Amino acid sequence: MAGGRPSARRIGSWVLGFVVLVLCLELGNLVAWGAGLPVPGTVIGILILLAGLFALRRVPDAVNDVSLYLLGHLNLLYVPAGVGVMGYLALVARDFWPIVVTLFVSTFLATIAAALTFRWAAGKRS
Amino acid sequence: MSDIGFQLIDWSEVGEGTFWLLLTIALYVVARRLQQKSGGNPLVNSVLVAALPIMALLYFFDVPVSHYALGGFWLLWLLGPATVALAVPLYINFSHVRAAWRPMALALVAGSVVAVVSSIVIGHMLGASIETVRSLAPKTVTTPIAMGIAREIGGIPELTAAFVIFTGIIGAVSAAFLFRLVGIKDERARGFAFGVAAGGIGTARAFQESMLTGTFAGVGMTLNGIITAIVLPLLWLYFA
């Protein structure tokens, strides 16, 4: 086997995996737009890929590798979104305290609600 | 002036976009190092550590955000396929969903309803503007899905992205204390709550507790994103 061969194959596999993700996304966007659903196309894209994996009954290496890589670096992809807040500083300044209080209280409540409900429902069955 | 094809690409924009793109990647690499050195402290969040210097640069040199967006656009675009990739860990861990589907379904409903309703009610009561409230509503959902929901219900996606990050940090830092307060020891319940209430940052924190906690957090995060994305815009259409 030539030295460059496996890496070329690996790049091909990454491109293939990436194309699959993009296709699922665009198909999701198309379905959301075509059916007039008020649901983000990305979510329908997740469901389409999930359905595909269930149909295959396994995760192809190409899709698995590129997916785990992208998911491992999600934080990089959030940076521009975070920086985008700069365009709304006036709004953030105006609503600063409502925002801070809402973030803290709502997160505490949601954490407790989810954990207590899970324990209650898991305990009931056994 | 003569060559129209060449003019279609504004080369000064390409240069500036590339600069911001490379700077973002470089800061992210540094931020990851710092986070690893801190032992995964959620306060040393790599989004915050990378975004704050860029925000300071834009602010002090009076650069419009639209200039940064020339480079940031590429990363935001990648967020779409990366979100679709969430289907992979969900499929891999589906045995957990099947084994505990009832507590998961109920905890999912409780967590997402409490998160959405409480943020709308509290934000509204404290006098936040309607754009802010709409941007707050999907804040427990993982960022890319939350931004899509904000767009659907008339919020501001960029604002939602920032709220999701801070929600994640708040949840990741406080959840262990809250669990002790109400006596939650079940690793599955802890993990699921981490994922539902604190998204990706909560999931990263949950993996520090144990593999099982982290796995349940990841599943909770993804299911919460899917369910909230389907239900919240419909609810908004119904009530608005």
# chains A, B, ... in the order shown; residues from 1 in each chain; ligands from 1
call {"tool": "interface_residues", "arguments": {"of": "chain B", "to": "chain A", "cutoff": "6 Å", "atoms": "only C-alpha atoms", "output": "JSON, numbers by chain"}}
result
{"B": [47, 51, 55, 72, 75, 76, 79, 81, 82, 84, 85, 87, 103, 107, 110, 111, 114, 115, 118, 119, 122, 123, 126, 128, 148, 158, 159, 161, 162, 167, 189, 190, 193, 197, 226, 229, 230, 233]}
call {"tool": "select_by_dssp", "arguments": {"residues": "region 18-239 of chain B", "states": "alpha helix (DSSP H)", "output": "ChimeraX atom specification"}}
result
/B:18-37,46-60,65-84,87-92,94-99,101-125,130-136,143-153,157-182,187-209,211-239
call {"tool": "closest_residue", "arguments": {"among": "B:Thr213, B:Asn93, B:Gln36, B:Thr160", "to": "Ser135 (chain B)", "atoms": "only C-alpha atoms"}}
result
B:Thr160
call {"tool": "residues_around", "arguments": {"residues": "Val63 (chain B)", "least_positions_apart": "4", "cutoff": "12 Å", "atoms": "only C-alpha atoms", "output": "list in words"}}
result
Met86 and Gly87 of chain A; Glu16, Trp20, Ile54, Met55, Ala56, Leu57, Leu58, Tyr59, His67, Tyr68 and Ala69 of chain B
call {"tool": "residues_around", "arguments": {"residues": "Pro42 (chain B)", "least_positions_apart": "3", "cutoff": "7 Å", "atoms": "only C-alpha atoms", "output": "PyMOL selection string"}}
result
chain B and resi 45+169+172-173+205
call {"tool": "closest_residue", "arguments": {"among": "B:Leu70, B:Gly220, B:Leu48, B:Met211", "to": "Leu86 (chain B)", "atoms": "only C-alpha atoms"}}
result
B:Gly220
